[in-house]
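J.: Here you go, one structure.
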Amino acid sequence: MLQKLFKFKGGIKPAYNKQQSTGEPIARAPLPSRLVIPLHQSIGGTPRPVVAVGDKVLKGQLIGEADGWISAAVHASTSGTVTDIGPYLVPHPSGLSIDCVVIEPDGEERWIERQPLDYRTMAPEAVRTYLQQSGVVGLGGAVFPSHAKLTPSRDVPMEELVINGAECEPWITCDDLIMRERAAEIVSGIGLFRDLLQPKRVLIGIEDNKPEAVAAMTAAVQAAGEPFEVQAVPTLYPAGGAKQLIRVLTGKEIPAARRSTDLGVQCFNVATAWTAWRAVAHGEPVISRIVTLTGNVDKPRNWEVLIGTPMDELLPLASPRNDTDGVIMGGPMMGFLIPAPDVPVVKATNCLIAHSPTLFPPKPPEMPCIRCGECARVCPHELQPMDMYWWSRARNFGKAQEAHLFDCIECGCCAYVCPAHIPLVQYFRFAKSEIWAREKERKMAEGAKERFEFKQFREEREKAEKAEKLARAAAAQAAKKAAEAAAAGDGAPPEASPAADAEAAKKAAIAAALERARAQRAQVQARNTENIPPDKAKEIAEIDARRQQAGLEPAVGTPAPGKEA
Amino acid sequence: MAEYLFLLIGAVLVNNVVLVKILGLCPFMGVSKKLETAYGMGAATTFVLTLATGASFIIDHYLLIPFGLEYLRTLSFIVTIAAIVQLTEMVIARTSPVLQQVLGIYLPLITTNCAVLGVPLINISHDYGFVESLLFGAGSAVGFSLVLVLFAGIRERVEGAEVPLPFRGTAIAMVTAGLMSLAFMGFAGLDRY
Amino acid sequence: MDLLIAIAIMALGALVLGAALGYAAVRFKVEGDPIVEKIDAILPQTQCGQCGFPGCKPYAEAIAKGEADINQCPPGGDEGVRKLADLLGKEYKPLSAEHGQEKPKAVAVIREELCIGCTLCIQACPVDAIVGAAKQMHTVVESLCTGCELCIKPCPVECIDMVPVPETLETWKWKYPVIEIKPADNRKAA
């Protein structure tokens, strides 16, 4: 099974730090006291909640319905009662809250009715919809809804299906362990993906610092009798980036602003294959995932954790040391410090690293860029980070985009090697989000302009129509008058002009409405004047009287000076 | 043939209009804030300057010299240049609105570009023939465009740099221009003429 | 005699050139002013009229003609002024105080229990962002509201408020990293 491997340019070799957490098998984390399940857990539309506060839910029951094609459903991780639906802090660098469903577990872990699915007899479209409803998303970290990626392109024949077991970031071992322990189910899941996409070849890429995983997967592939090729790829960060792994395994380089499907390649994470198989063969939606607990802890290990488990209930399982001063979600290269200790585990949580100043010493202060080019040497996308940095820092976003800012995958290689300790990735993220915000604003402005122009056009048209109508009415009136004058000749004055009448009626109606609204407002706003003792009431009445004398305000009303006054 | 080549290279690098002859500094400082405008200005100037050297040669040799009116050179050249610029602008506006948009207001500004007047006058003082005049004109124009684009590139980059407060803006641009001029002095050895 | 020849030749030259230019002016005539479009593209299209012109396009035209200054658009903010200065090759100047200040983005919200259904705000809204009918409660379509505040004045019962747009995950932006922000209180985890 020896096959020529290719290389991508750049990359770095940080210390693996993986052996700490691979000593023990995956264990099931105990049921937490509450589950906070964010509705928005995948790229795309935010799922709509389909449960209400007080509802009893079963394990695996749908709680958030996918909104649109690029969106995936969310399920209850255990049985219990919904105690709240509202904004809670989520693991996101912004530290903002989004709508979550809070479930108080009843401890019974009662499942919904699970039915295995014979996907081979079903239409591919139905299988994709089923995966969407099961909440299957990419578990490598990007959480892109998998069913959308399982739709073969119409014009490009699918050549290769790449299964990503590289797991290149230091410290993280969740994919390693799942491949060691659940290889057979992963291979079945890959078979499902293969049947949906119909690629010519299936390649499984695993970094060569995980020989046990390579052996387990090879054995499982042979046992299943599948023609999948298991490849050990050289350990080099970021070999687990989709584009890098595709490059290494197939030799195809994905051009800027194109997708791998344009070249007939699709890429999935091993854990995604596993969850997809659980969903199809066991009827289990994605309600848990493997999370590596490591870093500044005494008992690093991989745990199977229910989605929604608060991290401060999870981390004690690994016995964090006393000098732990934070938690990184994800790896040390691309992860971020969680905004609060009690944020929930989500589908993107592959690893929690206890942070301590000794383990991750604070970065020395940023120095000026000397354009040494080290960042360009390690960039796996062959970009020039020094130029992107230069323009991002100067807020010259057009130039930054010209330097191909949007091809950056934020892997952090450049910042890792930078001798001036410049937080390059942060500059890139800043520039990217500024550009996105501007783009959004521009689109809004365009829409506003369009509507403004249409409104002007409409007003013009209405004016023209009205003028025409008036002219016609006037002509008719004149004709009538002329006819009357000709017929009778008596100068009886016509009844008071109907227009003036209508005007008066309108005015009266507006006045009445104003009066109603005023009364209503007094009712709505003057809450503090209810239930007051008689002496106070008298006082208020006196003050009101004084005020009225001074001509300041009407007796009934609010402290706010009314426009009509 | 080699002579012509030397004349051309000499005009572009060694006797660069801007950095060595110090002509045409206003557009050099004024239109070099952005690369795109620098490209446009360079292209427009190249066109006008080449045309102007040809036209001025013809006027000088077939109109002014036969009638002994050499003292009217400056005046007649300016009028000719202004007319060429106007004509160019109208033609471009009609034929290529895109190019006109790119050049914008810089097109009419070429009239006041002293390099455009200076190069024909240098031609006459060097007693160049028609082809030589054209080549020298084109070479100077290319030299002008070259340093304009280079300078614009540097200025764009300087904009992102942390320049000490008193040097921000035009001051640092002047310093940069001075350094570029020094660098172009280094081409002096190339010159045989 | 020399003088006469000189004058004659210069006059002849001027005549020839003038004729050529005159012919060219007729032959190569163009209309339209693309600069207005470019200015209009920079303006935020709130149509709020704070600049003193009835909408963004008229303001753009006024700038193009040189009748208005570039610093009269508070919704466009400081950045808008900079972009205009860049486009027009003018010197940057801060927003003029008489036309208002840059405010954080807000949308109009109608207090629905107070609305009397007079449709005055619907008529005032330049971008058709308010829906409702006579004697029916009105409401603002939040995603279409530009925050121009033009609906506030006409409302006879003062039931329209400007509410700042809260930051969400979609609108959240990474901050400029020069000033290092240490998440001091976030590090108490576990």
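Following the order of the structure tokens, chains are lettered A, B, ..., residues in each are numbered from 1, and ligands are numbered from 1.
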What are the nearest atom pairs, with distances in Å to one decimal, for all residues of chain A that come at most 6 Å from chain C, using only C-alpha atoms, set out by chain and rising residue number as JSON lines?
T.:
{"residue": "A:Asp312", "atom": "CA", "partner": "C:Ala190", "partner_atom": "CA", "distance": 5.8}
{"residue": "A:Asp325", "atom": "CA", "partner": "C:Arg187", "partner_atom": "CA", "distance": 4.7}
{"residue": "A:Gly326", "atom": "CA", "partner": "C:Arg187", "partner_atom": "CA", "distance": 4.2}
{"residue": "A:Pro339", "atom": "CA", "partner": "C:Asn186", "partner_atom": "CA", "distance": 5.5}
{"residue": "A:Ala340", "atom": "CA", "partner": "C:Asn186", "partner_atom": "CA", "distance": 5.6}
{"residue": "A:Pro341", "atom": "CA", "partner": "C:Ala189", "partner_atom": "CA", "distance": 4.4}
{"residue": "A:Phe430", "atom": "CA", "partner": "C:Trp174", "partner_atom": "CA", "distance": 4.6}
{"residue": "A:Ser433", "atom": "CA", "partner": "C:Lys173", "partner_atom": "CA", "distance": 5.3}
{"residue": "A:Ala445", "atom": "CA", "partner": "C:Gln45", "partner_atom": "CA", "distance": 5.1}
{"residue": "A:Ala448", "atom": "CA", "partner": "C:Val127", "partner_atom": "CA", "distance": 5.6}
{"residue": "A:Lys449", "atom": "CA", "partner": "C:Gln45", "partner_atom": "CA", "distance": 5.6}
{"residue": "A:Arg451", "atom": "CA", "partner": "C:Val127", "partner_atom": "CA", "distance": 5.1}
{"residue": "A:Phe452", "atom": "CA", "partner": "C:Val127", "partner_atom": "CA", "distance": 4.6}
J.: How about saving the chosen residues, C-alpha atoms kept, as a PDB file, in the first residue's frame?
T.:
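Generated output (again_11.pdb):
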ATOM      1  CA  ASP A 312     -16.391  23.717  35.102  1.00  0.00           C
ATOM      2  CA  ASP A 325      -5.493  30.199  35.440  1.00  0.00           C
ATOM      3  CA  GLY A 326      -7.667  29.543  32.432  1.00  0.00           C
ATOM      4  CA  PRO A 339     -14.689  33.584  28.338  1.00  0.00           C
ATOM      5  CA  ALA A 340     -16.055  32.019  31.544  1.00  0.00           C
ATOM      6  CA  PRO A 341     -15.431  28.726  33.347  1.00  0.00           C
ATOM      7  CA  PHE A 430      -9.211  41.821  12.865  1.00  0.00           C
ATOM      8  CA  SER A 433     -13.944  40.814  10.404  1.00  0.00           C
ATOM      9  CA  ALA A 445     -26.601  50.703   1.931  1.00  0.00           C
ATOM     10  CA  ALA A 448     -31.545  51.177   1.353  1.00  0.00           C
ATOM     11  CA  LYS A 449     -30.716  53.101  -1.785  1.00  0.00           C
ATOM     12  CA  ARG A 451     -35.801  51.174  -1.602  1.00  0.00           C
ATOM     13  CA  PHE A 452     -35.320  54.940  -1.353  1.00  0.00           C
TER      14      PHE A 452
END
J.: Counting only C-alpha atoms, which residues of chain B come no farther than 12 Å from chain C, as a VMD selection string?
T.: chain B and resid 30 to 34 37 59 62 to 73 75 to 98 100 to 102 104 to 106 169
J.: Could the residues in this selection be written to a file with N, CA and C atoms, as a compact mmCIF listing (two decimals), in the first residue's frame?
T.:
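Output file part.txt is given in full below:
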# COMPACT_ATOMS: atom_id res chain seq x y z
N GLY B 30 2.57 65.12 -6.18
CA GLY B 30 1.13 65.25 -6.03
C GLY B 30 0.35 63.99 -6.41
N VAL B 31 0.83 63.24 -7.37
CA VAL B 31 0.03 62.13 -7.90
C VAL B 31 0.60 60.79 -7.46
N SER B 32 1.47 60.81 -6.44
CA SER B 32 2.14 59.56 -6.09
C SER B 32 1.59 58.96 -4.79
N LYS B 33 0.38 59.38 -4.41
CA LYS B 33 -0.15 58.82 -3.16
C LYS B 33 -0.66 57.41 -3.35
N LYS B 34 -1.14 57.13 -4.55
CA LYS B 34 -1.69 55.79 -4.80
C LYS B 34 -1.09 55.22 -6.07
N THR B 37 -3.23 55.75 -9.48
CA THR B 37 -3.14 57.06 -10.11
C THR B 37 -1.76 57.27 -10.71
N ILE B 59 7.66 71.96 -35.28
CA ILE B 59 7.40 73.41 -35.22
C ILE B 59 8.71 74.18 -35.23
N TYR B 62 10.56 73.60 -38.82
CA TYR B 62 9.91 74.02 -40.06
C TYR B 62 9.16 75.33 -39.94
N LEU B 63 9.08 75.86 -38.73
CA LEU B 63 8.34 77.12 -38.58
C LEU B 63 9.22 78.19 -37.95
N LEU B 64 9.78 77.85 -36.79
CA LEU B 64 10.49 78.89 -36.04
C LEU B 64 11.85 79.20 -36.66
N ILE B 65 12.65 78.17 -36.94
CA ILE B 65 14.00 78.42 -37.43
C ILE B 65 13.99 79.08 -38.82
N PRO B 66 13.17 78.60 -39.79
CA PRO B 66 13.17 79.27 -41.10
C PRO B 66 12.83 80.75 -41.02
N PHE B 67 11.94 81.07 -40.07
CA PHE B 67 11.55 82.49 -39.96
C PHE B 67 12.38 83.24 -38.93
N GLY B 68 13.36 82.55 -38.33
CA GLY B 68 14.21 83.22 -37.35
C GLY B 68 13.47 83.63 -36.10
N LEU B 69 12.53 82.79 -35.69
CA LEU B 69 11.72 83.16 -34.52
C LEU B 69 12.06 82.30 -33.30
N GLU B 70 13.35 81.97 -33.14
CA GLU B 70 13.74 81.09 -32.03
C GLU B 70 13.30 81.63 -30.68
N TYR B 71 13.21 82.95 -30.58
CA TYR B 71 12.85 83.54 -29.27
C TYR B 71 11.40 83.23 -28.88
N LEU B 72 10.64 82.69 -29.80
CA LEU B 72 9.24 82.36 -29.49
C LEU B 72 9.05 80.90 -29.09
N ARG B 73 10.19 80.19 -28.93
CA ARG B 73 10.13 78.76 -28.65
C ARG B 73 9.24 78.43 -27.45
N LEU B 75 7.03 80.02 -25.77
CA LEU B 75 5.63 80.37 -25.93
C LEU B 75 4.92 79.36 -26.85
N SER B 76 5.52 79.13 -28.02
CA SER B 76 4.84 78.27 -28.98
C SER B 76 4.78 76.82 -28.47
N PHE B 77 5.83 76.40 -27.75
CA PHE B 77 5.81 75.03 -27.21
C PHE B 77 4.68 74.86 -26.20
N ILE B 78 4.54 75.87 -25.36
CA ILE B 78 3.48 75.76 -24.33
C ILE B 78 2.12 75.66 -24.99
N VAL B 79 1.92 76.50 -25.99
CA VAL B 79 0.63 76.47 -26.68
C VAL B 79 0.41 75.10 -27.32
N THR B 80 1.46 74.58 -27.95
CA THR B 80 1.34 73.27 -28.60
C THR B 80 1.01 72.18 -27.58
N ILE B 81 1.76 72.22 -26.48
CA ILE B 81 1.54 71.19 -25.46
C ILE B 81 0.11 71.25 -24.93
N ALA B 82 -0.34 72.46 -24.63
CA ALA B 82 -1.70 72.61 -24.11
C ALA B 82 -2.71 72.04 -25.08
N ALA B 83 -2.50 72.32 -26.36
CA ALA B 83 -3.44 71.82 -27.36
C ALA B 83 -3.40 70.30 -27.42
N ILE B 84 -2.18 69.74 -27.36
CA ILE B 84 -2.07 68.27 -27.42
C ILE B 84 -2.77 67.62 -26.23
N VAL B 85 -2.56 68.23 -25.07
CA VAL B 85 -3.18 67.66 -23.87
C VAL B 85 -4.70 67.70 -24.01
N GLN B 86 -5.21 68.84 -24.45
CA GLN B 86 -6.66 68.96 -24.61
C GLN B 86 -7.19 67.93 -25.59
N LEU B 87 -6.48 67.81 -26.69
CA LEU B 87 -6.88 66.88 -27.74
C LEU B 87 -6.88 65.45 -27.20
N THR B 88 -5.78 65.13 -26.52
CA THR B 88 -5.66 63.78 -25.95
C THR B 88 -6.83 63.49 -25.03
N GLU B 89 -7.14 64.48 -24.20
CA GLU B 89 -8.21 64.24 -23.24
C GLU B 89 -9.53 63.97 -23.93
N MET B 90 -9.77 64.77 -24.95
CA MET B 90 -11.06 64.58 -25.63
C MET B 90 -11.12 63.24 -26.33
N VAL B 91 -10.02 62.89 -26.95
CA VAL B 91 -10.00 61.60 -27.67
C VAL B 91 -10.18 60.46 -26.68
N ILE B 92 -9.47 60.53 -25.57
CA ILE B 92 -9.57 59.45 -24.58
C ILE B 92 -10.99 59.38 -24.00
N ALA B 93 -11.54 60.57 -23.70
CA ALA B 93 -12.89 60.59 -23.12
C ALA B 93 -13.88 59.91 -24.04
N ARG B 94 -13.67 60.09 -25.33
CA ARG B 94 -14.62 59.52 -26.29
C ARG B 94 -14.34 58.03 -26.52
N THR B 95 -13.07 57.72 -26.72
CA THR B 95 -12.76 56.35 -27.13
C THR B 95 -12.69 55.38 -25.96
N SER B 96 -12.16 55.85 -24.82
CA SER B 96 -12.02 54.91 -23.70
C SER B 96 -12.39 55.59 -22.39
N PRO B 97 -13.68 55.59 -22.07
CA PRO B 97 -14.12 56.24 -20.83
C PRO B 97 -13.45 55.64 -19.59
N VAL B 98 -13.11 54.35 -19.68
CA VAL B 98 -12.47 53.70 -18.54
C VAL B 98 -11.13 54.36 -18.25
N GLN B 100 -10.17 57.24 -19.13
CA GLN B 100 -10.36 58.62 -18.70
C GLN B 100 -10.71 58.68 -17.22
N GLN B 101 -11.52 57.71 -16.78
CA GLN B 101 -11.87 57.66 -15.37
C GLN B 101 -10.64 57.42 -14.52
N VAL B 102 -9.76 56.55 -15.02
CA VAL B 102 -8.55 56.24 -14.27
C VAL B 102 -7.66 57.48 -14.17
N GLY B 104 -8.56 60.66 -14.70
CA GLY B 104 -9.27 61.71 -13.98
C GLY B 104 -8.74 63.10 -14.28
N ILE B 105 -8.53 63.85 -13.20
CA ILE B 105 -8.13 65.24 -13.39
C ILE B 105 -6.65 65.38 -13.72
N TYR B 106 -5.92 64.25 -13.70
CA TYR B 106 -4.48 64.37 -13.89
C TYR B 106 -4.12 64.64 -15.34
N GLY B 169 3.38 62.47 6.58
CA GLY B 169 2.84 63.16 5.41
C GLY B 169 3.91 63.58 4.42
J.: With chain B as the partner and 9 Å as the cut-off, tabulate the residues of chain A that qualify, each row holding the nearest pair of atoms and their distance in Å to one decimal, using only C-alpha atoms, sorted by chain and rising number, as a Markdown table.
T.:
| residue | atom | partner | partner_atom | distance |
| --- | --- | --- | --- | --- |
| A:Trp390 | CA | B:Gly160 | CA | 6.4 |
| A:Trp391 | CA | B:Gly160 | CA | 6.5 |
| A:Ser392 | CA | B:Gly160 | CA | 8.8 |
| A:Arg393 | CA | B:Gly160 | CA | 7.1 |
| A:Ala394 | CA | B:Gly160 | CA | 4.5 |
| A:Arg395 | CA | B:Gly160 | CA | 8.0 |
| A:Asn396 | CA | B:Gly160 | CA | 7.8 |
J.: Could you pull out all residues of chain B with a DSSP call of helix (DSSP H, G or I) and give them as a PyMOL selection string?
T.: chain B and resi 2-14+25-30+35-64+70-95+97-103+106-112+114-126+130-159+165-167+170-190
J.: Skipping near chain neighbours, those fewer than 6 positions away, what residues fall within 6 Å of region 115-117 of chain A using only C-alpha atoms, listed as a list in words?
T.: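 Result of the neighbour search: Val280, Ala281, His282 and Gly283 of chain A.
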J.: I need the residues from that last selection saved to file as an mmCIF file, in the first residue's frame (with N, CA and C atoms), if you can.
T.:
data_model
loop_
_atom_site.group_PDB
_atom_site.id
_atom_site.type_symbol
_atom_site.label_atom_id
_atom_site.label_comp_id
_atom_site.auth_asym_id
_atom_site.auth_seq_id
_atom_site.Cartn_x
_atom_site.Cartn_y
_atom_site.Cartn_z
ATOM 1 N N VAL A 280 -26.894 6.656 11.554
ATOM 2 C CA VAL A 280 -27.566 5.797 10.572
ATOM 3 C C VAL A 280 -27.835 4.414 11.154
ATOM 4 N N ALA A 281 -26.827 3.813 11.788
ATOM 5 C CA ALA A 281 -26.953 2.418 12.205
ATOM 6 C C ALA A 281 -27.650 2.262 13.543
ATOM 7 N N HIS A 282 -27.624 3.310 14.370
ATOM 8 C CA HIS A 282 -28.214 3.173 15.698
ATOM 9 C C HIS A 282 -29.298 4.204 15.969
ATOM 10 N N GLY A 283 -29.531 5.114 15.042
ATOM 11 C CA GLY A 283 -30.553 6.129 15.253
ATOM 12 C C GLY A 283 -30.198 7.137 16.318
#
J.: Ranking B:Ala173, B:Leu179, B:Leu7, B:Val18 by minimum distance to His126 (chain B) and counting only C-alpha atoms, which one comes first?
T.: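 Using only C-alpha atoms, His126 (chain B) sits closest to B:Leu7.
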J.: Enumerate as a ChimeraX atom specification all residues of region 141-384 of chain A assigned to strand (DSSP E) by DSSP on the backbone, naming them with the chain letters and numbers the document uses.
T.: /A:160-165,201-207,229-233,265-269,288-295,301-306,326-329,336-337,351-355
J.: Show me, as a list of chain:residue names, the residues that have an atom within 8 Å of Gly143 (chain B) when counting only C-alpha atoms, minus same-chain residues fewer than 3 positions from it.
T.: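 Once the nearby chain positions are removed, what remains is B:Ala11, B:Val12, B:Leu13, B:Asn16, B:Val17, B:Val18, B:Gly139, B:Ser140, B:Leu146, B:Val147.
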J.: Take the selection from the previous step and output its residues with N, CA and C atoms, as a PDB file, in the first residue's frame.
T.:
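Output contents, as saved in selection_30.pdb:
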ATOM      1  N   ALA B  11      18.268  58.333 -21.067  1.00  0.00           N
ATOM      2  CA  ALA B  11      17.135  59.195 -20.740  1.00  0.00           C
ATOM      3  C   ALA B  11      16.306  58.594 -19.605  1.00  0.00           C
ATOM      4  N   VAL B  12      16.195  57.256 -19.583  1.00  0.00           N
ATOM      5  CA  VAL B  12      15.372  56.629 -18.555  1.00  0.00           C
ATOM      6  C   VAL B  12      16.060  56.682 -17.193  1.00  0.00           C
ATOM      7  N   LEU B  13      17.327  56.259 -17.162  1.00  0.00           N
ATOM      8  CA  LEU B  13      17.977  56.082 -15.869  1.00  0.00           C
ATOM      9  C   LEU B  13      18.961  57.197 -15.515  1.00  0.00           C
ATOM     10  N   ASN B  16      17.554  60.900 -15.625  1.00  0.00           N
ATOM     11  CA  ASN B  16      16.133  60.841 -15.279  1.00  0.00           C
ATOM     12  C   ASN B  16      15.570  62.241 -15.054  1.00  0.00           C
ATOM     13  N   VAL B  17      14.454  62.532 -15.736  1.00  0.00           N
ATOM     14  CA  VAL B  17      13.911  63.899 -15.666  1.00  0.00           C
ATOM     15  C   VAL B  17      13.628  64.324 -14.245  1.00  0.00           C
ATOM     16  N   VAL B  18      13.055  63.410 -13.455  1.00  0.00           N
ATOM     17  CA  VAL B  18      12.606  63.824 -12.127  1.00  0.00           C
ATOM     18  C   VAL B  18      13.777  63.854 -11.152  1.00  0.00           C
ATOM     19  N   GLY B 139      12.061  58.183 -23.827  1.00  0.00           N
ATOM     20  CA  GLY B 139      12.887  57.713 -22.714  1.00  0.00           C
ATOM     21  C   GLY B 139      12.625  58.517 -21.457  1.00  0.00           C
ATOM     22  N   SER B 140      12.567  59.833 -21.599  1.00  0.00           N
ATOM     23  CA  SER B 140      12.300  60.682 -20.439  1.00  0.00           C
ATOM     24  C   SER B 140      10.939  60.352 -19.845  1.00  0.00           C
ATOM     25  N   LEU B 146       8.482  55.584 -14.517  1.00  0.00           N
ATOM     26  CA  LEU B 146       9.155  54.598 -13.664  1.00  0.00           C
ATOM     27  C   LEU B 146       9.309  55.131 -12.244  1.00  0.00           C
ATOM     28  N   VAL B 147       9.885  56.327 -12.124  1.00  0.00           N
ATOM     29  CA  VAL B 147      10.117  56.818 -10.762  1.00  0.00           C
ATOM     30  C   VAL B 147       8.802  57.182 -10.078  1.00  0.00           C
TER      31      VAL B 147
END
J.: So, counting only C-alpha atoms, which residue among A:Glu462, A:Gly264, A:Asp99, A:Ser134 is closest to Arg154 (chain A)?
T.: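 Ranking A:Glu462, A:Gly264, A:Asp99, A:Ser134 by distance to Arg154 (chain A), first place goes to A:Gly264.
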J.: Please, what distance in Å, to one decimal, runs between CA of Ile307 (chain A) and CA of Val346 (chain A)?
T.: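 CA of Ile307 (chain A) sits 5.3 Å away from CA of Val346 (chain A).
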J.: Which residues are near Thr53 (chain B)? Cut-off 9 Å, only C-alpha atoms, ignore same chain within fewer than 3 positions. Put them as a PyMOL selection string.
T.: chain B and resi 48-50+56-58+116-117+119-121+123+130+133-134+136-138
J.: Those selected residues, please, written with N, CA and C atoms and delivered as an mmCIF file, in the first residue's frame.
T.:
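So out16.cif came out as:
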data_model
loop_
_atom_site.group_PDB
_atom_site.id
_atom_site.type_symbol
_atom_site.label_atom_id
_atom_site.label_comp_id
_atom_site.auth_asym_id
_atom_site.auth_seq_id
_atom_site.Cartn_x
_atom_site.Cartn_y
_atom_site.Cartn_z
ATOM 1 N N VAL B 48 1.685 62.001 -23.884
ATOM 2 C CA VAL B 48 1.755 63.422 -24.219
ATOM 3 C C VAL B 48 3.192 63.855 -24.484
ATOM 4 N N LEU B 49 4.104 63.382 -23.669
ATOM 5 C CA LEU B 49 5.491 63.827 -23.796
ATOM 6 C C LEU B 49 6.074 63.383 -25.133
ATOM 7 N N THR B 50 5.788 62.159 -25.521
ATOM 8 C CA THR B 50 6.314 61.672 -26.791
ATOM 9 C C THR B 50 5.740 62.487 -27.947
ATOM 10 N N SER B 56 6.980 69.510 -31.247
ATOM 11 C CA SER B 56 7.822 70.690 -31.036
ATOM 12 C C SER B 56 9.012 70.669 -31.983
ATOM 13 N N PHE B 57 9.516 69.460 -32.286
ATOM 14 C CA PHE B 57 10.618 69.381 -33.248
ATOM 15 C C PHE B 57 10.161 69.930 -34.593
ATOM 16 N N ILE B 58 8.983 69.507 -35.020
ATOM 17 C CA ILE B 58 8.470 69.947 -36.323
ATOM 18 C C ILE B 58 8.260 71.461 -36.319
ATOM 19 N N VAL B 116 7.341 68.198 -19.415
ATOM 20 C CA VAL B 116 6.838 68.140 -20.781
ATOM 21 C C VAL B 116 7.377 69.323 -21.598
ATOM 22 N N LEU B 117 7.551 70.447 -20.951
ATOM 23 C CA LEU B 117 8.144 71.581 -21.661
ATOM 24 C C LEU B 117 9.659 71.457 -21.680
ATOM 25 N N VAL B 119 11.717 68.809 -21.692
ATOM 26 C CA VAL B 119 12.343 67.828 -22.578
ATOM 27 C C VAL B 119 12.482 68.352 -24.010
ATOM 28 N N PRO B 120 11.453 68.966 -24.621
ATOM 29 C CA PRO B 120 11.664 69.538 -25.962
ATOM 30 C C PRO B 120 12.761 70.597 -25.975
ATOM 31 N N LEU B 121 12.821 71.398 -24.941
ATOM 32 C CA LEU B 121 13.856 72.432 -24.900
ATOM 33 C C LEU B 121 15.239 71.801 -24.796
ATOM 34 N N ASN B 123 16.022 68.865 -25.919
ATOM 35 C CA ASN B 123 16.244 68.312 -27.256
ATOM 36 C C ASN B 123 16.908 69.335 -28.158
ATOM 37 N N PHE B 130 15.228 64.300 -35.491
ATOM 38 C CA PHE B 130 13.834 63.977 -35.208
ATOM 39 C C PHE B 130 13.711 62.660 -34.424
ATOM 40 N N SER B 133 15.149 63.002 -31.034
ATOM 41 C CA SER B 133 14.223 63.785 -30.200
ATOM 42 C C SER B 133 13.104 62.900 -29.663
ATOM 43 N N LEU B 134 12.526 62.128 -30.584
ATOM 44 C CA LEU B 134 11.418 61.254 -30.178
ATOM 45 C C LEU B 134 11.892 60.254 -29.135
ATOM 46 N N PHE B 136 14.478 60.455 -27.129
ATOM 47 C CA PHE B 136 14.786 61.108 -25.859
ATOM 48 C C PHE B 136 13.492 61.452 -25.125
ATOM 49 N N GLY B 137 12.519 61.915 -25.893
ATOM 50 C CA GLY B 137 11.224 62.232 -25.287
ATOM 51 C C GLY B 137 10.596 61.003 -24.676
ATOM 52 N N ALA B 138 10.571 59.899 -25.440
ATOM 53 C CA ALA B 138 9.952 58.671 -24.945
ATOM 54 C C ALA B 138 10.716 58.147 -23.739
#
J.: Using only C-alpha atoms, which of the listed residues (B:Asn15, B:Ser181, B:Thr45, B:Thr176) sits closest to Cys114 (chain B)?
T.: B:Thr45
